[in-house]
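Below you'll find the structure, written out as C-alpha cells, and then a few comments.
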Amino acid sequence: MILHAASALLPDGWARDVRIRVEGGRIAEVTAGVPGNGTGQGHGLILPAPVNLHSHTFQRAMAGLTERRTAGQDSFWTWRALMYRFLERLSPEDVQAIAAQAMVEMAEAGFSAVCEFHYLHHPVGGGTHADPAEMSARIAEAARETGLGLTHLPVIYEQGGVDGRALAGGQLRFGSSPEVFAAVLEGAGRALSGLPDAVLGVAPHSLRAVSRNTLARVPGMTTGPIHIHIAEQVAEVEEVRAAWGARPVEWACANLALDARWCMIHATQMTPAETAALARTGAVAGLCPITEANLGDGIFDGPGWLAAGGAFGVGTDSNVRISLAEELRLLEYSQRLGHRARAVMADDRSTGRLLWDQAARGGAQAAGRGRGVIAVGEWADLLALDTDDLRLEGLTGDRLLDALIFAGRDGLVSELWSAGRHIVRGGHHIAREAVAHRFRATMRRLRDAL
C-alpha cells in the first residue's frame, strides 16, 4: 500500500509531499518531497495515530447513566458502587458487543489501538468460566472484528483493600488466586495469537487491590507493558499511607522496579517531589482527563511532569465520552483552570503540537507498540484529516493541530489505519453498522440495570 500526503508530521517535524509505503502492516518507506502523481492514496494531511492507553470497554454501556446524585456527597466511590451493580448483568456476549462498539468509536475518534485494562474475568458471583480466559477471548474477538490494535492487560485483583480484606459483591468477578490468574494470563496469550500486532501485558489493579508479594512478581509475568492505577483519589492516598507509611507514588518509587515498561494511570494526587521522582523512572503517565473530570479525581501536574522530562499519553478509561481531541483539550484546559494561565503545556511547539506528539509517543510506549512516529519499521498507525472542513480551512502545521484540538468537532478524522488495516474510510468505521446493530440489541436488555 502506498499513501501520499500533501503534509505529514514526521519525527523531525512537518514535511511536504510525503510518500509512505506500507508492507506487512509496517512502514517500509517514508520519502518527503515527492509530488503526488496519481498513484497511491492522496490525502491533505497524515498524522501518527495515537494509542488509547487506558480503557475499560464494558463501561461504554454505562455512559450517561450515572449522573444523578445519590445520598450525601457523590464521589468516585458512589459511582463505583453503581458500576458493580451494572456489571452483575453482563454476559460474555454482552462484553464482546460493547467492546466492539467502543472500539469502533475509538477508531473514528483517531485512536489506532487500545490498551484494555481488563478485570472482568469471571461469571456473576465469582468462580471461573470453563475457559478461565473466556472474557479476554471476547475482547480479542472484538479487536479482530473491528481491526483496532490491541494491547491486552489482564488485571490482577486479589483483595478489597490495602488491609487485605476479602473481595465481596461485584468484586468477585475480578478476583483471582495466583493459580487462576496464571490460567487467565496463559489463555489471554492464546486468544491474542491470531492478531498479528497484539501485545500481552499485565495490570496489577492498584496498590489497594494487590498484595506486596504479588507486586514484586509482576515484572516477570510477561515481557509486555505493566499498567497500574495509582494515586487517583484522596481516600486511596490516605488508605495507603495509613497502612504502609507512605503515599502511593512515594511507595511505588521506593519499592517497585519502575521503568519504561510501566504506565501509571491517573496519578492525579502527587506532591511535586513525587511528580519529579516518578517522571525520572521513565514510566508513562496514563492520563484520562474526561473520566478524571467526570469522577472528580483531581488535576494532574502537567507542568511539573514535563519539567522533569516525563512522558504521557491519554486514554478513555470509563468511555463516558470517546474523543481523542477532547481528551487532549481537557488536559490543557484543566491546567489553565488550575494555574490561571494559557498555553500551559506548550514549549517551543504550540500547545496542540506538544499534546499530539506526547499522546502519540507516550501511548505507543505504554502499549509496547513502538515509538508512535511515522518512520520506517514502525507500525502503520496513521490517520488522515478532513482538511476541507471549515474549522481547518487554510491552516497548516502546528496551527492546524491547535485548531483540531481546540476548535474542531467530532468527525474530522476521515481515514485511519491500524497496523496498515484501513478501518475508517470517509469518516466511518468499516464495520460500524453491523457492530451498532448488535450493540443496540445488547443495550435494550441492559438499560434497566441502573
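Please note that chains go A, B, ... in the order of the C-alpha cells, that every chain numbers its residues from 1, and that ligands are numbered from 1 in the order shown.
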
Write out as a PDB file with N, CA and C atoms, in the first residue's frame the residues lying within 7 Å of segment 99-110 of chain A, counting only C-alpha atoms and excluding same-chain residues fewer than 3 positions away.
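The result, stored in out_1.pdb:
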ATOM      1  N   ALA A  49      -1.232   8.110  14.399  1.00  0.00           N
ATOM      2  CA  ALA A  49      -2.480   7.930  15.144  1.00  0.00           C
ATOM      3  C   ALA A  49      -2.161   7.409  16.537  1.00  0.00           C
ATOM      4  N   THR A  57     -13.554  -1.249  28.396  1.00  0.00           N
ATOM      5  CA  THR A  57     -14.556  -1.107  27.329  1.00  0.00           C
ATOM      6  C   THR A  57     -15.970  -1.384  27.808  1.00  0.00           C
ATOM      7  N   PHE A  58     -16.158  -2.298  28.769  1.00  0.00           N
ATOM      8  CA  PHE A  58     -17.518  -2.626  29.178  1.00  0.00           C
ATOM      9  C   PHE A  58     -18.243  -1.421  29.752  1.00  0.00           C
ATOM     10  N   ARG A  60     -18.462   1.416  28.545  1.00  0.00           N
ATOM     11  CA  ARG A  60     -19.116   2.201  27.482  1.00  0.00           C
ATOM     12  C   ARG A  60     -20.632   2.077  27.591  1.00  0.00           C
ATOM     13  N   VAL A  95     -20.257  -8.412  26.734  1.00  0.00           N
ATOM     14  CA  VAL A  95     -18.943  -7.762  26.814  1.00  0.00           C
ATOM     15  C   VAL A  95     -18.337  -7.610  25.430  1.00  0.00           C
ATOM     16  N   GLN A  96     -18.458  -8.628  24.580  1.00  0.00           N
ATOM     17  CA  GLN A  96     -17.920  -8.529  23.227  1.00  0.00           C
ATOM     18  C   GLN A  96     -18.651  -7.468  22.418  1.00  0.00           C
ATOM     19  N   ILE A 139     -12.676  -9.952  24.270  1.00  0.00           N
ATOM     20  CA  ILE A 139     -12.037  -8.685  23.915  1.00  0.00           C
ATOM     21  C   ILE A 139     -11.182  -8.864  22.662  1.00  0.00           C
ATOM     22  N   ALA A 142     -13.413  -8.915  19.658  1.00  0.00           N
ATOM     23  CA  ALA A 142     -13.874  -7.566  19.297  1.00  0.00           C
ATOM     24  C   ALA A 142     -12.789  -6.815  18.537  1.00  0.00           C
ATOM     25  N   ALA A 143     -11.532  -6.981  18.949  1.00  0.00           N
ATOM     26  CA  ALA A 143     -10.427  -6.350  18.227  1.00  0.00           C
ATOM     27  C   ALA A 143     -10.289  -6.934  16.830  1.00  0.00           C
ATOM     28  N   THR A 146     -13.105  -5.524  14.553  1.00  0.00           N
ATOM     29  CA  THR A 146     -13.022  -4.083  14.275  1.00  0.00           C
ATOM     30  C   THR A 146     -11.691  -3.680  13.662  1.00  0.00           C
ATOM     31  N   LEU A 148      -9.035  -2.867  15.268  1.00  0.00           N
ATOM     32  CA  LEU A 148      -8.277  -1.960  16.129  1.00  0.00           C
ATOM     33  C   LEU A 148      -7.128  -2.724  16.783  1.00  0.00           C
ATOM     34  N   ILE A 322     -16.005   9.192  24.102  1.00  0.00           N
ATOM     35  CA  ILE A 322     -14.824   8.721  23.384  1.00  0.00           C
ATOM     36  C   ILE A 322     -14.431   9.771  22.357  1.00  0.00           C
ATOM     37  N   SER A 323     -13.404  10.550  22.688  1.00  0.00           N
ATOM     38  CA  SER A 323     -12.969  11.638  21.817  1.00  0.00           C
ATOM     39  C   SER A 323     -11.502  11.931  22.091  1.00  0.00           C
ATOM     40  N   LEU A 324     -10.641  11.623  21.136  1.00  0.00           N
ATOM     41  CA  LEU A 324      -9.215  11.916  21.277  1.00  0.00           C
ATOM     42  C   LEU A 324      -8.984  13.413  21.434  1.00  0.00           C
ATOM     43  N   LEU A 383      -3.437   8.380  10.605  1.00  0.00           N
ATOM     44  CA  LEU A 383      -4.751   8.927  10.323  1.00  0.00           C
ATOM     45  C   LEU A 383      -4.635  10.098   9.369  1.00  0.00           C
ATOM     46  N   VAL A 413     -11.632  13.105  11.591  1.00  0.00           N
ATOM     47  CA  VAL A 413     -10.767  12.006  11.147  1.00  0.00           C
ATOM     48  C   VAL A 413     -11.459  11.335   9.969  1.00  0.00           C
ATOM     49  N   LEU A 416      -8.386   6.146   8.831  1.00  0.00           N
ATOM     50  CA  LEU A 416      -7.487   5.655   9.861  1.00  0.00           C
ATOM     51  C   LEU A 416      -7.006   4.258   9.508  1.00  0.00           C
ATOM     52  N   VAL A 424     -11.093   2.982   9.035  1.00  0.00           N
ATOM     53  CA  VAL A 424     -12.005   4.122   8.938  1.00  0.00           C
ATOM     54  C   VAL A 424     -11.855   4.712   7.545  1.00  0.00           C
ATOM     55  N   GLY A 427     -14.599   8.802   7.173  1.00  0.00           N
ATOM     56  CA  GLY A 427     -15.091   9.177   8.491  1.00  0.00           C
ATOM     57  C   GLY A 427     -15.862   8.104   9.226  1.00  0.00           C
ATOM     58  N   HIS A 428     -16.108   6.960   8.569  1.00  0.00           N
ATOM     59  CA  HIS A 428     -16.912   5.902   9.173  1.00  0.00           C
ATOM     60  C   HIS A 428     -16.123   4.599   9.263  1.00  0.00           C
ATOM     61  N   HIS A 429     -16.252   3.929  10.385  1.00  0.00           N
ATOM     62  CA  HIS A 429     -15.614   2.624  10.543  1.00  0.00           C
ATOM     63  C   HIS A 429     -16.280   1.622   9.592  1.00  0.00           C
ATOM     64  N   ARG A 432     -19.122  -0.367  11.127  1.00  0.00           N
ATOM     65  CA  ARG A 432     -19.971   0.427  12.017  1.00  0.00           C
ATOM     66  C   ARG A 432     -21.391  -0.120  12.121  1.00  0.00           C
ATOM     67  N   VAL A 435     -21.775  -3.676  13.881  1.00  0.00           N
ATOM     68  CA  VAL A 435     -21.438  -3.582  15.301  1.00  0.00           C
ATOM     69  C   VAL A 435     -22.518  -2.807  16.057  1.00  0.00           C
ATOM     70  N   ALA A 436     -23.004  -1.723  15.479  1.00  0.00           N
ATOM     71  CA  ALA A 436     -24.030  -0.917  16.140  1.00  0.00           C
ATOM     72  C   ALA A 436     -25.322  -1.704  16.308  1.00  0.00           C
ATOM     73  N   PHE A 439     -24.900  -3.910  19.268  1.00  0.00           N
ATOM     74  CA  PHE A 439     -24.829  -3.092  20.477  1.00  0.00           C
ATOM     75  C   PHE A 439     -26.221  -2.618  20.892  1.00  0.00           C
TER      76      PHE A 439
END

Practice prompt. Just the residues within 8 Å of segment 341-353 of chain A, please, counting only C-alpha atoms, with nothing from its chain fewer than 4 positions along; format it as a list of chain:residue names.
Written response: A:Gly302, A:Pro303, A:Glu332, A:Gln335, A:Arg336, A:Leu337, A:Asp357, A:Asp398, A:Arg399, A:Leu401, A:Asp402, A:Ala403, A:Ile405, A:Phe406

Any chance you could export the current selection's C-alpha atoms as a PDB file, in the first residue's frame?
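Once everything was written out, this is result_29.pdb:
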ATOM      1  CA  GLY A 302       1.263  18.768  33.782  1.00  0.00           C
ATOM      2  CA  PRO A 303       3.967  21.461  34.020  1.00  0.00           C
ATOM      3  CA  GLU A 332      -4.787  21.545  28.687  1.00  0.00           C
ATOM      4  CA  GLN A 335      -4.090  23.067  33.560  1.00  0.00           C
ATOM      5  CA  ARG A 336      -5.335  26.514  32.584  1.00  0.00           C
ATOM      6  CA  LEU A 337      -8.038  26.431  35.248  1.00  0.00           C
ATOM      7  CA  ASP A 357       3.409  14.451  19.966  1.00  0.00           C
ATOM      8  CA  ASP A 398       1.112  23.420  14.360  1.00  0.00           C
ATOM      9  CA  ARG A 399      -1.732  25.869  13.792  1.00  0.00           C
ATOM     10  CA  LEU A 401      -3.271  20.837  15.199  1.00  0.00           C
ATOM     11  CA  ASP A 402      -4.254  23.688  17.504  1.00  0.00           C
ATOM     12  CA  ALA A 403      -7.460  24.178  15.526  1.00  0.00           C
ATOM     13  CA  ILE A 405      -7.874  20.137  19.290  1.00  0.00           C
ATOM     14  CA  PHE A 406      -9.278  23.471  20.485  1.00  0.00           C
TER      15      PHE A 406
END

Dump as CSV the rows for residues of segment 116-230 of chain A within 10 Å of segment 89-92 of chain A: closest atom pair and distance in Å with one decimal, only C-alpha atoms counted, ordered by chain and rising residue number.
residue,atom,partner,partner_atom,distance
A:Leu120,CA,A:Leu90,CA,9.4
A:His121,CA,A:Pro92,CA,9.5
A:His122,CA,A:Pro92,CA,9.3
A:Pro123,CA,A:Ser91,CA,7.7
A:Val124,CA,A:Arg89,CA,7.7
A:His129,CA,A:Pro92,CA,9.8
A:Glu134,CA,A:Pro92,CA,7.4
A:Met135,CA,A:Pro92,CA,6.0
A:Ser136,CA,A:Pro92,CA,9.4
A:Ala137,CA,A:Pro92,CA,9.2
A:Arg138,CA,A:Pro92,CA,6.7
A:Ile139,CA,A:Pro92,CA,9.3

Restricting it to C-alpha atoms, dump the selection as a PDB file, in the first residue's frame.
ATOM      1  CA  LEU A 120     -13.942  -8.525  34.247  1.00  0.00           C
ATOM      2  CA  HIS A 121     -12.665 -12.126  34.203  1.00  0.00           C
ATOM      3  CA  HIS A 122     -15.286 -14.304  35.842  1.00  0.00           C
ATOM      4  CA  PRO A 123     -19.024 -15.141  35.886  1.00  0.00           C
ATOM      5  CA  VAL A 124     -21.514 -13.291  38.075  1.00  0.00           C
ATOM      6  CA  HIS A 129     -15.622 -19.902  33.156  1.00  0.00           C
ATOM      7  CA  GLU A 134     -13.234 -16.532  28.183  1.00  0.00           C
ATOM      8  CA  MET A 135     -13.677 -12.803  28.743  1.00  0.00           C
ATOM      9  CA  SER A 136     -10.211 -11.981  27.412  1.00  0.00           C
ATOM     10  CA  ALA A 137     -11.044 -14.007  24.325  1.00  0.00           C
ATOM     11  CA  ARG A 138     -14.150 -11.851  23.868  1.00  0.00           C
ATOM     12  CA  ILE A 139     -12.037  -8.685  23.915  1.00  0.00           C
TER      13      ILE A 139
END

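By only C-alpha atoms, and with residues fewer than 4 positions from Gln41 of chain A along its chain excluded, the set lying at most 7 Å from it is Ile2, Leu3 and His4 of chain A.
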
Discussion item. Applying 10 Å and only C-alpha atoms, which residues near Glu250 of chain A remain after dropping the ones on its own chain fewer than 2 positions away? List them as a VMD selection string.
Written reply: chain A and resid 231 241 245 to 248 252 to 255 270 to 271 273 to 275 277 to 278

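Distance-wise, atom CA of Ser112 of chain A and atom CA of Pro50 of chain A end up 6.0 Å apart.
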
Item to complete: Please identify all polymer residues within 10 Å of segment 391-397 of chain A, counting only C-alpha atoms, omitting same-chain residues fewer than 2 positions from it, and present them as a PyMOL selection string.
Response: chain A and resi 7-9+13-15+44-45+350+353+385-389+399-404+407-409+412

I need the chosen residues saved as a PDB file, in the first residue's frame, with C-alpha atoms.
ATOM      1  CA  SER A   7       1.719  17.328   4.513  1.00  0.00           C
ATOM      2  CA  ALA A   8       2.741  14.843   7.214  1.00  0.00           C
ATOM      3  CA  LEU A   9       4.075  15.047  10.748  1.00  0.00           C
ATOM      4  CA  GLY A  13       8.664  17.915  12.221  1.00  0.00           C
ATOM      5  CA  TRP A  14       6.396  18.826   9.333  1.00  0.00           C
ATOM      6  CA  ALA A  15       7.220  17.681   5.796  1.00  0.00           C
ATOM      7  CA  GLY A  44      -4.106  16.521   2.599  1.00  0.00           C
ATOM      8  CA  LEU A  45      -2.582  15.628   5.979  1.00  0.00           C
ATOM      9  CA  SER A 350       2.352  25.037  20.041  1.00  0.00           C
ATOM     10  CA  ARG A 353       1.536  20.062  18.685  1.00  0.00           C
ATOM     11  CA  LEU A 385      -7.855  14.528   8.489  1.00  0.00           C
ATOM     12  CA  ASP A 386     -10.637  16.176   6.536  1.00  0.00           C
ATOM     13  CA  THR A 387      -8.640  19.310   5.784  1.00  0.00           C
ATOM     14  CA  ASP A 388     -11.516  20.679   3.700  1.00  0.00           C
ATOM     15  CA  ASP A 389     -13.549  21.257   6.855  1.00  0.00           C
ATOM     16  CA  ARG A 399      -1.732  25.869  13.792  1.00  0.00           C
ATOM     17  CA  LEU A 400      -3.789  23.126  12.186  1.00  0.00           C
ATOM     18  CA  LEU A 401      -3.271  20.837  15.199  1.00  0.00           C
ATOM     19  CA  ASP A 402      -4.254  23.688  17.504  1.00  0.00           C
ATOM     20  CA  ALA A 403      -7.460  24.178  15.526  1.00  0.00           C
ATOM     21  CA  LEU A 404      -8.194  20.431  15.508  1.00  0.00           C
ATOM     22  CA  ALA A 407     -11.767  24.417  17.768  1.00  0.00           C
ATOM     23  CA  GLY A 408     -12.503  21.149  15.996  1.00  0.00           C
ATOM     24  CA  ARG A 409     -15.529  18.908  16.017  1.00  0.00           C
ATOM     25  CA  LEU A 412     -12.654  15.310  11.368  1.00  0.00           C
TER      26      LEU A 412
END

Worksheet entry | Expected answer as a PyMOL selection string: alpha helix (DSSP H) residues in segment 91-263 of chain A | chain A and resi 92-109+134-146+178-192+212-217+234-244+248-255

Discussion item. Can you pull out every residue from segment 2-154 of chain A that DSSP, working from the backbone, puts in strand (DSSP E or B), and format the result as a PyMOL selection string?
Written reply: chain A and resi 2-10+13-23+26-31+41-48+51-55+113-118+149-154

Include N, CA and C atoms and write out the residues we just selected as a compact mmCIF listing (two decimals), in the first residue's frame.
# COMPACT_ATOMS: atom_id res chain seq x y z
N ILE A 2 0.52 2.20 -0.82
CA ILE A 2 1.25 3.47 -0.89
C ILE A 2 0.28 4.61 -0.59
N LEU A 3 0.66 5.47 0.35
CA LEU A 3 -0.10 6.66 0.69
C LEU A 3 0.71 7.89 0.31
N HIS A 4 0.02 8.95 -0.02
CA HIS A 4 0.69 10.22 -0.30
C HIS A 4 -0.02 11.31 0.47
N ALA A 5 0.77 12.16 1.14
CA ALA A 5 0.22 13.26 1.91
C ALA A 5 0.81 14.57 1.44
N ALA A 6 -0.03 15.56 1.23
CA ALA A 6 0.49 16.89 0.94
C ALA A 6 1.33 17.39 2.10
N SER A 7 0.96 16.98 3.32
CA SER A 7 1.72 17.33 4.51
C SER A 7 1.64 16.17 5.49
N ALA A 8 2.72 15.91 6.21
CA ALA A 8 2.74 14.84 7.21
C ALA A 8 3.63 15.26 8.37
N LEU A 9 3.28 14.77 9.56
CA LEU A 9 4.07 15.05 10.75
C LEU A 9 5.06 13.90 10.96
N LEU A 10 6.33 14.16 10.68
CA LEU A 10 7.39 13.17 10.80
C LEU A 10 8.16 13.40 12.11
N GLY A 13 9.56 16.79 12.45
CA GLY A 13 8.66 17.91 12.22
C GLY A 13 7.84 17.75 10.96
N TRP A 14 7.30 18.85 10.48
CA TRP A 14 6.40 18.83 9.33
C TRP A 14 7.17 18.66 8.03
N ALA A 15 6.61 17.89 7.11
CA ALA A 15 7.22 17.68 5.80
C ALA A 15 6.14 17.77 4.74
N ARG A 16 6.54 18.19 3.54
CA ARG A 16 5.62 18.35 2.43
C ARG A 16 5.80 17.20 1.45
N ASP A 17 4.69 16.89 0.76
CA ASP A 17 4.70 15.88 -0.32
C ASP A 17 5.39 14.60 0.14
N VAL A 18 4.73 13.91 1.05
CA VAL A 18 5.33 12.74 1.68
C VAL A 18 4.71 11.45 1.12
N ARG A 19 5.59 10.57 0.68
CA ARG A 19 5.18 9.25 0.21
C ARG A 19 5.46 8.25 1.33
N ILE A 20 4.42 7.45 1.68
CA ILE A 20 4.55 6.44 2.73
C ILE A 20 4.18 5.08 2.13
N ARG A 21 5.12 4.15 2.17
CA ARG A 21 4.85 2.79 1.67
C ARG A 21 4.74 1.85 2.87
N VAL A 22 3.69 1.04 2.85
CA VAL A 22 3.39 0.12 3.94
C VAL A 22 3.46 -1.31 3.44
N GLU A 23 4.17 -2.14 4.17
CA GLU A 23 4.28 -3.57 3.85
C GLU A 23 4.14 -4.37 5.13
N ARG A 26 3.64 -2.62 8.52
CA ARG A 26 4.65 -1.66 9.00
C ARG A 26 5.05 -0.68 7.89
N ILE A 27 5.59 0.43 8.32
CA ILE A 27 6.04 1.45 7.37
C ILE A 27 7.38 1.01 6.77
N ALA A 28 7.41 0.86 5.47
CA ALA A 28 8.62 0.40 4.78
C ALA A 28 9.40 1.54 4.13
N GLU A 29 8.74 2.66 3.92
CA GLU A 29 9.41 3.80 3.27
C GLU A 29 8.71 5.09 3.66
N VAL A 30 9.47 6.12 3.94
CA VAL A 30 8.95 7.48 4.13
C VAL A 30 9.85 8.41 3.34
N THR A 31 9.31 9.04 2.31
CA THR A 31 10.11 9.93 1.48
C THR A 31 9.37 11.25 1.31
N GLN A 41 -2.79 6.57 -2.44
CA GLN A 41 -3.96 7.27 -1.92
C GLN A 41 -3.53 8.65 -1.47
N GLY A 42 -4.10 9.69 -2.08
CA GLY A 42 -3.70 11.05 -1.77
C GLY A 42 -4.52 11.65 -0.64
N HIS A 43 -3.84 12.32 0.29
CA HIS A 43 -4.51 12.94 1.43
C HIS A 43 -3.85 14.29 1.72
N GLY A 44 -4.65 15.21 2.28
CA GLY A 44 -4.11 16.52 2.60
C GLY A 44 -3.13 16.47 3.76
N LEU A 45 -3.42 15.67 4.79
CA LEU A 45 -2.58 15.63 5.98
C LEU A 45 -2.63 14.24 6.59
N ILE A 46 -1.47 13.68 6.90
CA ILE A 46 -1.38 12.41 7.62
C ILE A 46 -0.59 12.61 8.90
N LEU A 47 -1.13 12.06 9.99
CA LEU A 47 -0.52 12.16 11.31
C LEU A 47 -0.30 10.76 11.89
N PRO A 48 0.64 10.61 12.82
CA PRO A 48 0.68 9.37 13.58
C PRO A 48 -0.59 9.27 14.42
N VAL A 51 -2.35 5.85 20.44
CA VAL A 51 -2.97 4.72 21.11
C VAL A 51 -3.81 5.24 22.28
N ASN A 52 -4.97 4.66 22.46
CA ASN A 52 -5.78 4.88 23.65
C ASN A 52 -5.17 4.02 24.77
N LEU A 53 -4.46 4.64 25.71
CA LEU A 53 -3.64 3.84 26.61
C LEU A 53 -4.36 3.34 27.86
N HIS A 54 -5.65 3.64 28.00
CA HIS A 54 -6.36 3.11 29.17
C HIS A 54 -7.85 3.05 28.91
N SER A 55 -8.39 1.84 28.93
CA SER A 55 -9.82 1.67 28.68
C SER A 55 -10.36 0.48 29.45
N ALA A 113 -5.19 2.07 18.33
CA ALA A 113 -5.12 0.86 19.15
C ALA A 113 -5.60 1.22 20.55
N VAL A 114 -5.83 0.18 21.36
CA VAL A 114 -6.30 0.41 22.71
C VAL A 114 -5.54 -0.50 23.67
N CYS A 115 -5.21 0.03 24.84
CA CYS A 115 -4.71 -0.77 25.95
C CYS A 115 -5.92 -1.09 26.83
N GLU A 116 -6.36 -2.32 26.77
CA GLU A 116 -7.56 -2.72 27.51
C GLU A 116 -7.17 -3.25 28.88
N PHE A 117 -7.48 -2.46 29.90
CA PHE A 117 -7.21 -2.76 31.30
C PHE A 117 -8.36 -3.66 31.76
N HIS A 118 -8.16 -4.97 31.61
CA HIS A 118 -9.29 -5.91 31.61
C HIS A 118 -9.37 -6.66 32.93
N GLY A 149 -5.96 -2.10 16.85
CA GLY A 149 -4.84 -2.72 17.54
C GLY A 149 -5.15 -2.92 19.01
N LEU A 150 -4.59 -3.96 19.60
CA LEU A 150 -4.92 -4.30 20.98
C LEU A 150 -3.67 -4.62 21.79
N THR A 151 -3.51 -3.92 22.89
CA THR A 151 -2.62 -4.34 23.97
C THR A 151 -3.52 -4.78 25.11
N HIS A 152 -3.49 -6.08 25.38
CA HIS A 152 -4.41 -6.64 26.37
C HIS A 152 -3.70 -6.78 27.70
N LEU A 153 -4.36 -6.28 28.75
CA LEU A 153 -3.75 -6.20 30.08
C LEU A 153 -4.66 -6.89 31.09
N PRO A 154 -4.56 -8.21 31.22
CA PRO A 154 -5.34 -8.89 32.25
C PRO A 154 -4.97 -8.35 33.63

Item to complete: Compile the contact shell of Asp163 of chain A as a PyMOL selection string: residues with an atom at most 9 Å away, counting only C-alpha atoms, same-chain residues fewer than 4 positions apart removed.
Response: chain A and resi 159+208+239+243

Convert the current residue selection to file output with N, CA and C atoms, as a PDB file, in the first residue's frame.
ATOM      1  N   GLN A 159      -7.623  -8.424  46.539  1.00  0.00           N
ATOM      2  CA  GLN A 159      -8.166  -8.073  47.849  1.00  0.00           C
ATOM      3  C   GLN A 159      -9.009  -6.809  47.752  1.00  0.00           C
ATOM      4  N   ARG A 208      -4.089  -0.854  46.421  1.00  0.00           N
ATOM      5  CA  ARG A 208      -5.063  -1.328  47.408  1.00  0.00           C
ATOM      6  C   ARG A 208      -5.608  -2.718  47.081  1.00  0.00           C
ATOM      7  N   GLU A 239      -5.541   5.820  52.568  1.00  0.00           N
ATOM      8  CA  GLU A 239      -5.572   4.401  52.921  1.00  0.00           C
ATOM      9  C   GLU A 239      -4.185   3.776  52.818  1.00  0.00           C
ATOM     10  N   ALA A 243      -1.655   2.451  55.978  1.00  0.00           N
ATOM     11  CA  ALA A 243      -1.268   1.040  56.065  1.00  0.00           C
ATOM     12  C   ALA A 243       0.227   0.820  55.851  1.00  0.00           C
TER      13      ALA A 243
END

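Nearest residue to Leu200 of chain A among A:Ala166, A:Val314, A:Leu82, A:Ala366 is A:Ala366, counting only C-alpha atoms.
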
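Computed from the coordinates, the atom CA of Arg217 of chain A to atom CA of Val162 of chain A distance equals 17.5 Å.
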
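With atom CA of Ala380 of chain A on one side and atom CA of Gly420 of chain A on the other, the separation reads 4.9 Å.
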
Discussion item. As number ranges by chain, please: the residues near Ile290 of chain A (cut-off 12 Å, only C-alpha atoms, same-chain neighbours under 2 positions excluded).
Written reply: A: 54, 63, 266, 287-288, 292-299, 314-334
